[in-house]
>>> print(open('structure-v8.cif').read())   # mmCIF, N, CA and C atoms
data_protein
loop_
_atom_site.label_atom_id
_atom_site.label_comp_id
_atom_site.auth_asym_id
_atom_site.auth_seq_id
_atom_site.Cartn_x
_atom_site.Cartn_y
_atom_site.Cartn_z
N MET A 96 75.57 -14.31 -59.31
CA MET A 96 74.83 -13.92 -60.49
C MET A 96 75.25 -12.53 -60.95
N ARG A 97 75.48 -11.63 -59.97
CA ARG A 97 75.87 -10.27 -60.31
C ARG A 97 77.27 -10.27 -60.96
N ALA A 98 78.15 -11.12 -60.47
CA ALA A 98 79.50 -11.19 -61.04
C ALA A 98 79.45 -11.71 -62.48
N LEU A 99 78.57 -12.69 -62.74
CA LEU A 99 78.45 -13.24 -64.09
C LEU A 99 77.93 -12.19 -65.06
N SER A 100 76.96 -11.40 -64.63
CA SER A 100 76.43 -10.36 -65.52
C SER A 100 77.46 -9.28 -65.78
N ARG A 101 78.32 -8.98 -64.80
CA ARG A 101 79.39 -7.99 -65.02
C ARG A 101 80.43 -8.53 -66.01
N ILE A 102 80.72 -9.82 -65.92
CA ILE A 102 81.69 -10.41 -66.85
C ILE A 102 81.13 -10.40 -68.26
N ILE A 103 79.86 -10.72 -68.40
CA ILE A 103 79.24 -10.72 -69.74
C ILE A 103 79.20 -9.30 -70.30
N ALA A 104 78.85 -8.32 -69.46
CA ALA A 104 78.82 -6.93 -69.92
C ALA A 104 80.19 -6.45 -70.32
N ALA A 105 81.23 -6.82 -69.58
CA ALA A 105 82.60 -6.42 -69.91
C ALA A 105 83.04 -7.06 -71.23
N GLY A 106 82.67 -8.31 -71.44
CA GLY A 106 83.03 -8.98 -72.69
C GLY A 106 82.33 -8.35 -73.88
N ALA A 107 81.06 -7.98 -73.71
CA ALA A 107 80.33 -7.33 -74.79
C ALA A 107 80.91 -5.96 -75.10
N LEU A 108 81.30 -5.22 -74.07
CA LEU A 108 81.90 -3.90 -74.26
C LEU A 108 83.24 -4.03 -74.98
N ALA A 109 84.03 -5.02 -74.60
CA ALA A 109 85.33 -5.23 -75.25
C ALA A 109 85.15 -5.62 -76.71
N ALA A 110 84.15 -6.43 -77.01
CA ALA A 110 83.92 -6.86 -78.39
C ALA A 110 83.45 -5.70 -79.26
N THR A 111 82.60 -4.83 -78.73
CA THR A 111 82.11 -3.71 -79.54
C THR A 111 83.17 -2.64 -79.74
N THR A 112 84.03 -2.42 -78.77
CA THR A 112 85.07 -1.41 -78.96
C THR A 112 86.16 -1.93 -79.88
N ALA A 113 86.40 -3.22 -79.90
CA ALA A 113 87.44 -3.77 -80.77
C ALA A 113 87.01 -3.70 -82.23
N THR A 114 85.73 -3.82 -82.50
CA THR A 114 85.28 -3.78 -83.89
C THR A 114 85.07 -2.37 -84.39
N SER A 115 84.94 -1.38 -83.49
CA SER A 115 84.70 -0.01 -83.93
C SER A 115 85.98 0.77 -84.17
N VAL A 116 87.13 0.22 -83.86
CA VAL A 116 88.40 0.91 -84.08
C VAL A 116 88.71 0.86 -85.56
N SER A 117 88.98 2.01 -86.15
CA SER A 117 89.28 2.05 -87.58
C SER A 117 90.78 1.89 -87.79
N VAL A 118 91.12 1.23 -88.88
CA VAL A 118 92.51 0.98 -89.21
C VAL A 118 92.86 1.84 -90.40
N ALA A 119 93.99 2.50 -90.35
CA ALA A 119 94.42 3.35 -91.45
C ALA A 119 94.86 2.48 -92.63
N VAL A 120 94.30 2.77 -93.81
CA VAL A 120 94.61 2.02 -95.02
C VAL A 120 95.38 2.93 -95.95
N PRO A 121 96.51 2.46 -96.50
CA PRO A 121 97.25 3.31 -97.44
C PRO A 121 96.40 3.66 -98.65
N ALA A 122 96.69 4.78 -99.27
CA ALA A 122 95.88 5.25 -100.39
C ALA A 122 96.00 4.35 -101.60
N ASN A 123 97.16 3.78 -101.83
CA ASN A 123 97.33 2.94 -103.02
C ASN A 123 96.78 1.53 -102.82
N ALA A 124 96.39 1.16 -101.63
CA ALA A 124 95.88 -0.20 -101.39
C ALA A 124 94.51 -0.39 -102.01
N THR A 125 93.74 0.67 -102.12
CA THR A 125 92.40 0.54 -102.70
C THR A 125 92.44 0.53 -104.21
N THR A 126 93.48 1.09 -104.83
CA THR A 126 93.54 1.16 -106.29
C THR A 126 94.40 0.05 -106.88
N ARG A 127 95.04 -0.74 -106.07
CA ARG A 127 95.91 -1.80 -106.57
C ARG A 127 95.07 -2.96 -107.10
N HIS A 128 95.38 -3.44 -108.28
CA HIS A 128 94.65 -4.56 -108.87
C HIS A 128 95.53 -5.80 -108.85
N HIS A 129 94.94 -6.89 -108.44
CA HIS A 129 95.67 -8.16 -108.43
C HIS A 129 95.16 -9.02 -109.58
N ARG A 130 96.07 -9.59 -110.30
CA ARG A 130 95.69 -10.48 -111.40
C ARG A 130 95.82 -11.92 -110.91
N HIS A 131 94.75 -12.65 -111.07
CA HIS A 131 94.74 -14.05 -110.68
C HIS A 131 94.92 -14.90 -111.92
N HIS A 132 95.85 -15.83 -111.85
CA HIS A 132 96.12 -16.69 -113.00
C HIS A 132 95.67 -18.11 -112.67
N TYR A 133 95.12 -18.76 -113.68
CA TYR A 133 94.67 -20.13 -113.53
C TYR A 133 95.60 -21.01 -114.36
N TYR A 134 96.30 -21.90 -113.70
CA TYR A 134 97.27 -22.74 -114.38
C TYR A 134 96.80 -24.18 -114.53
N GLY A 135 95.55 -24.44 -114.27
CA GLY A 135 95.05 -25.80 -114.34
C GLY A 135 94.56 -26.15 -115.73
N ARG A 136 93.83 -27.25 -115.80
CA ARG A 136 93.26 -27.71 -117.06
C ARG A 136 92.09 -26.84 -117.46
N THR A 137 91.99 -26.52 -118.72
CA THR A 137 90.86 -25.73 -119.19
C THR A 137 89.86 -26.58 -119.96
N ALA A 138 90.14 -27.84 -120.15
CA ALA A 138 89.20 -28.73 -120.84
C ALA A 138 88.18 -29.21 -119.82
N TYR A 139 86.96 -28.78 -119.98
CA TYR A 139 85.92 -29.14 -119.02
C TYR A 139 85.34 -30.50 -119.37
N ARG A 140 84.98 -31.24 -118.35
CA ARG A 140 84.42 -32.57 -118.54
C ARG A 140 82.97 -32.54 -118.09
N HIS A 141 82.13 -33.26 -118.80
CA HIS A 141 80.71 -33.30 -118.50
C HIS A 141 80.34 -34.66 -117.94
N ARG A 142 79.45 -34.66 -116.98
CA ARG A 142 79.00 -35.91 -116.37
C ARG A 142 77.81 -36.44 -117.16
N VAL A 143 77.93 -37.69 -117.59
CA VAL A 143 76.87 -38.34 -118.34
C VAL A 143 76.38 -39.53 -117.53
N CYS A 144 75.08 -39.60 -117.30
CA CYS A 144 74.51 -40.70 -116.55
C CYS A 144 73.45 -41.39 -117.40
N ARG A 145 73.42 -42.69 -117.32
CA ARG A 145 72.39 -43.45 -118.03
C ARG A 145 71.58 -44.22 -117.02
N ARG A 146 70.33 -44.45 -117.33
CA ARG A 146 69.43 -45.14 -116.42
C ARG A 146 69.50 -46.64 -116.69
N SER A 147 69.67 -47.41 -115.65
CA SER A 147 69.77 -48.85 -115.77
C SER A 147 68.38 -49.45 -115.98
N SER A 148 68.29 -50.43 -116.84
CA SER A 148 67.01 -51.10 -117.05
C SER A 148 66.71 -52.11 -115.94
N ALA A 149 67.71 -52.53 -115.23
CA ALA A 149 67.60 -53.47 -114.11
C ALA A 149 66.93 -54.77 -114.53
N ALA A 150 67.25 -55.25 -115.73
CA ALA A 150 66.60 -56.45 -116.25
C ALA A 150 66.95 -57.69 -115.43
N THR A 151 68.19 -57.82 -115.02
CA THR A 151 68.58 -59.00 -114.24
C THR A 151 67.87 -59.03 -112.90
N GLY A 152 67.80 -57.90 -112.22
CA GLY A 152 67.12 -57.84 -110.94
C GLY A 152 65.62 -58.10 -111.06
N LYS A 153 65.03 -57.65 -112.14
CA LYS A 153 63.59 -57.88 -112.34
C LYS A 153 63.30 -59.36 -112.59
N VAL A 154 64.13 -60.02 -113.37
CA VAL A 154 63.90 -61.44 -113.66
C VAL A 154 64.09 -62.28 -112.39
N VAL A 155 65.18 -62.04 -111.69
CA VAL A 155 65.44 -62.81 -110.47
C VAL A 155 64.38 -62.52 -109.42
N GLY A 156 64.01 -61.26 -109.27
CA GLY A 156 62.98 -60.89 -108.30
C GLY A 156 61.62 -61.45 -108.66
N GLY A 157 61.31 -61.51 -109.94
CA GLY A 157 60.03 -62.06 -110.37
C GLY A 157 59.92 -63.55 -110.08
N VAL A 158 60.99 -64.28 -110.38
CA VAL A 158 60.97 -65.72 -110.12
C VAL A 158 60.91 -66.00 -108.62
N ALA A 159 61.74 -65.30 -107.85
CA ALA A 159 61.74 -65.51 -106.40
C ALA A 159 60.41 -65.09 -105.79
N GLY A 160 59.85 -63.99 -106.27
CA GLY A 160 58.57 -63.53 -105.76
C GLY A 160 57.44 -64.49 -106.10
N ALA A 161 57.49 -65.10 -107.28
CA ALA A 161 56.47 -66.07 -107.66
C ALA A 161 56.53 -67.30 -106.77
N VAL A 162 57.72 -67.76 -106.46
CA VAL A 162 57.85 -68.94 -105.60
C VAL A 162 57.38 -68.62 -104.18
N VAL A 163 57.80 -67.47 -103.66
CA VAL A 163 57.39 -67.09 -102.30
C VAL A 163 55.90 -66.79 -102.25
N GLY A 164 55.37 -66.12 -103.26
CA GLY A 164 53.94 -65.81 -103.29
C GLY A 164 53.09 -67.06 -103.40
N HIS A 165 53.55 -68.03 -104.14
CA HIS A 165 52.82 -69.29 -104.29
C HIS A 165 52.74 -70.04 -102.97
N SER A 166 53.80 -69.99 -102.19
CA SER A 166 53.81 -70.74 -100.94
C SER A 166 53.18 -69.97 -99.78
N LEU A 167 53.25 -68.62 -99.79
CA LEU A 167 52.73 -67.84 -98.67
C LEU A 167 51.30 -67.36 -98.87
N ILE A 168 51.01 -66.77 -100.01
CA ILE A 168 49.69 -66.17 -100.24
C ILE A 168 48.65 -67.24 -100.56
N GLY A 169 48.97 -68.13 -101.41
CA GLY A 169 48.04 -69.19 -101.78
C GLY A 169 48.62 -70.05 -102.87
N HIS A 170 48.08 -71.21 -103.02
CA HIS A 170 48.63 -72.15 -104.00
C HIS A 170 48.00 -71.99 -105.37
N GLY A 171 47.30 -70.91 -105.61
CA GLY A 171 46.67 -70.69 -106.91
C GLY A 171 47.45 -69.69 -107.74
N LEU A 172 46.77 -69.27 -108.80
CA LEU A 172 47.39 -68.32 -109.72
C LEU A 172 47.52 -66.93 -109.11
N LEU A 173 46.59 -66.56 -108.23
CA LEU A 173 46.61 -65.24 -107.61
C LEU A 173 47.85 -65.04 -106.74
N GLY A 174 48.20 -66.01 -105.95
CA GLY A 174 49.39 -65.90 -105.10
C GLY A 174 50.67 -65.83 -105.91
N THR A 175 50.73 -66.62 -106.98
CA THR A 175 51.91 -66.63 -107.84
C THR A 175 52.06 -65.30 -108.56
N ALA A 176 50.95 -64.77 -109.09
CA ALA A 176 51.01 -63.50 -109.83
C ALA A 176 51.33 -62.33 -108.90
N ALA A 177 50.72 -62.30 -107.72
CA ALA A 177 50.99 -61.21 -106.78
C ALA A 177 52.44 -61.25 -106.32
N GLY A 178 52.96 -62.43 -106.05
CA GLY A 178 54.36 -62.55 -105.65
C GLY A 178 55.31 -62.16 -106.77
N ALA A 179 54.97 -62.51 -107.99
CA ALA A 179 55.83 -62.16 -109.13
C ALA A 179 55.87 -60.65 -109.34
N VAL A 180 54.72 -59.99 -109.23
CA VAL A 180 54.68 -58.53 -109.41
C VAL A 180 55.49 -57.85 -108.31
N GLY A 181 55.30 -58.27 -107.08
CA GLY A 181 56.08 -57.71 -105.98
C GLY A 181 57.57 -57.96 -106.13
N GLY A 182 57.91 -59.14 -106.60
CA GLY A 182 59.32 -59.47 -106.81
C GLY A 182 59.96 -58.66 -107.91
N VAL A 183 59.20 -58.40 -108.99
CA VAL A 183 59.74 -57.59 -110.09
C VAL A 183 60.02 -56.17 -109.60
N ILE A 184 59.10 -55.60 -108.84
CA ILE A 184 59.30 -54.24 -108.34
C ILE A 184 60.48 -54.18 -107.38
N ALA A 185 60.53 -55.13 -106.44
CA ALA A 185 61.62 -55.13 -105.47
C ALA A 185 62.96 -55.45 -106.12
N GLY A 186 62.99 -56.41 -107.04
CA GLY A 186 64.24 -56.77 -107.70
C GLY A 186 64.79 -55.66 -108.57
N GLY A 187 63.91 -54.92 -109.24
CA GLY A 187 64.37 -53.78 -110.04
C GLY A 187 64.97 -52.69 -109.18
N ALA A 188 64.34 -52.42 -108.03
CA ALA A 188 64.85 -51.39 -107.13
C ALA A 188 66.21 -51.78 -106.54
N VAL A 189 66.35 -53.04 -106.18
CA VAL A 189 67.62 -53.51 -105.61
C VAL A 189 68.72 -53.46 -106.66
N ASP A 190 68.41 -53.87 -107.90
CA ASP A 190 69.43 -53.87 -108.95
C ASP A 190 69.87 -52.45 -109.29
N ARG A 191 68.95 -51.50 -109.32
CA ARG A 191 69.32 -50.12 -109.60
C ARG A 191 70.16 -49.52 -108.49
N SER A 192 69.83 -49.84 -107.25
CA SER A 192 70.60 -49.26 -106.15
C SER A 192 71.99 -49.88 -106.05
N MET A 193 72.14 -51.14 -106.45
CA MET A 193 73.46 -51.77 -106.37
C MET A 193 74.38 -51.32 -107.49
N SER A 194 73.85 -50.98 -108.65
CA SER A 194 74.69 -50.58 -109.77
C SER A 194 74.64 -49.09 -110.03
N ALA A 195 74.24 -48.29 -109.05
CA ALA A 195 74.08 -46.85 -109.25
C ALA A 195 75.41 -46.16 -109.53
N ARG A 196 76.48 -46.55 -108.87
CA ARG A 196 77.75 -45.85 -109.06
C ARG A 196 78.41 -46.20 -110.39
N TYR A 197 77.97 -47.24 -111.09
CA TYR A 197 78.59 -47.63 -112.34
C TYR A 197 77.90 -47.00 -113.55
N ARG A 198 76.82 -46.27 -113.34
CA ARG A 198 76.05 -45.75 -114.47
C ARG A 198 76.50 -44.36 -114.91
N CYS A 199 77.29 -43.64 -114.12
CA CYS A 199 77.71 -42.29 -114.49
C CYS A 199 79.19 -42.30 -114.87
N TYR A 200 79.53 -41.50 -115.88
CA TYR A 200 80.91 -41.35 -116.27
C TYR A 200 81.11 -39.93 -116.82
N TYR A 201 82.36 -39.52 -116.93
CA TYR A 201 82.69 -38.17 -117.38
C TYR A 201 83.24 -38.22 -118.79
N THR A 202 82.86 -37.24 -119.60
CA THR A 202 83.33 -37.18 -120.98
C THR A 202 83.67 -35.72 -121.31
N ARG A 203 84.38 -35.52 -122.37
CA ARG A 203 84.76 -34.15 -122.77
C ARG A 203 83.73 -33.53 -123.65
#
>>> encode(input="structure-v8.cif", output="structure tokens")
Amino acid sequence: MRALSRIIAAGALAATTATSVSVAVPANATTRHHRHHYYGRTAYRHRVCRRSSAATGKVVGGVAGAVVGHSLIGHGLLGTAAGAVGGVIAGGAVDRSMSARYRCYYTR
């Protein structure tokens, strides 16, 4: 344990003395100005995104939800309506997530 603490102390001492050594800088190095040139495109492009209505996903989800709701929840109007509402919400979310990368484009 004593040897490990000596090694750590020696490493810390070496690190602090290495950073405290000053380096001589020429006098003209501080006054020299560098010009940076940009040779790329200067026409900036803007990202335009539109929100998908997800109509196809809502219709398919509503029909599938109505069929599943009718058979699982009950054979009446309540089961069909509840399944249709759930299907519309789920179908819209799935359609938006599947077509998310196609809704944004860049323009000048």
>>> closest_residue(input="structure-v8.cif", among="A:Val183, A:Ala177, A:Val143, A:Ile103", to="A:Gly157", atoms="only C-alpha atoms")
A:Val183
>>> resolve_selection(input="structure-v8.cif", expression="the PyMOL selection byres ((chain A and resi 156) around 8)", output="PyMOL selection string")
chain A and resi 150-155+157-162+178-187
>>> resolve_selection(input="structure-v8.cif", expression="the PyMOL selection byres ((chain A and resi 144) around 6.5)", output="ChimeraX atom specification")
/A:142-143,145-146,198-200
>>> atom_distance(input="structure-v8.cif", atom1="atom C of A:Val189", atom2="atom C of A:Ser148")
9.6 Å
>>> atom_distance(input="structure-v8.cif", atom1="atom N of A:His141", atom2="atom C of A:Arg203")
5.1 Å
>>> atom_distance(input="structure-v8.cif", atom1="atom CA of A:Arg140", atom2="atom CA of A:Thr202")
5.3 Å
>>> residues_around(input="structure-v8.cif", residues="A:Ser147", least_positions_apart="4", cutoff="9 Å", atoms="only C-alpha atoms", output="number ranges by chain")
A: 190-191, 194-195, 198
